[in-house]
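These notes are about the structure you will find just below.
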Amino acid sequence: MKNLLVYYRVVSYVLVGIAVVLSLVDLLALVIGLSQPPALISAFILAAVIIYSFASFSFLLNGIQSGRQCKPKLKDWIKVNAYVAIVFGSLLLMQNISVLSSPANMNVVLQQMNQMQAQMKMPGATTQAMMGTFKAVLYAMIVYSLLLLSHIYISLRFVKQYGHLFGEKNPQG
């Protein structure tokens with residue numbers, strides 16, 4: 001149990017750091033969503049992942065580590081946003097594995113990247129360099145999605161286990 005808590009603590013710090021960066025991306029997505037309303041769905045999903053990361057981090061610091069009472073709303077924020085984050089993490093994982101496992105998918109993405117570079121009149125990188133960078137990004141996103149999904153699983157366990165910190169009578173129920 002102690003090892004699980006150490007893992008949870010370390011991953012929480014990683015997820016909060018990533019959430020800070022994602023919040024900047026989400027602001028950009030919200031601005032884009034103002035002109036293209038369907039893009040708002042992605043912005044809201046990303047916002048749920050960011051909220052989950054910060055809410056679970058608050059639960060870790062204020063509840064689990066300090067033993068202080070948490071507002072029952074924090075539990076709701078964690079749970080609701082965790083379910084959206086599960087969908088996000090699962091889709092991210094499946095999409096990246098799919099692209100990595102198919103050279104045809106990789107080539108399509110690289111062609112699209114080359115077209116964007118040509119349209120923006122940017123000097124192009126070599127195909128080899130782009131492929132290496134693209135694979136590194138895909139692997140990083142796979143690691144992120146696995147960390148997120150495992151963290152959510154542990155968070156939901158801890159929310160139940162530490163229910164007394166939210167004012168519940170039966171901490172195990």
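Going through the structure tokens in order, the chains are called A, B, and so on, while each chain numbers its residues from 1 and the ligands are numbered from 1 in the order shown.
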Which residues, written as an MDAnalysis selection string, have at least one atom at most 10 Å from Gly167 of chain A, with only C-alpha atoms counted and residues fewer than 4 positions away on the same chain left out? chainID A and resid 69:72 162:163 171
List the neighbours of segment 20-33 of chain A out to 10 Å using only C-alpha atoms; skip same-chain residues closer than 6 positions along the sequence, and give me the result as a PyMOL selection string. chain A and resi 39-47+49-51+53-54
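Distance-wise, atom CA of Leu149 of chain A and atom CA of Met113 of chain A end up 29.0 Å apart.
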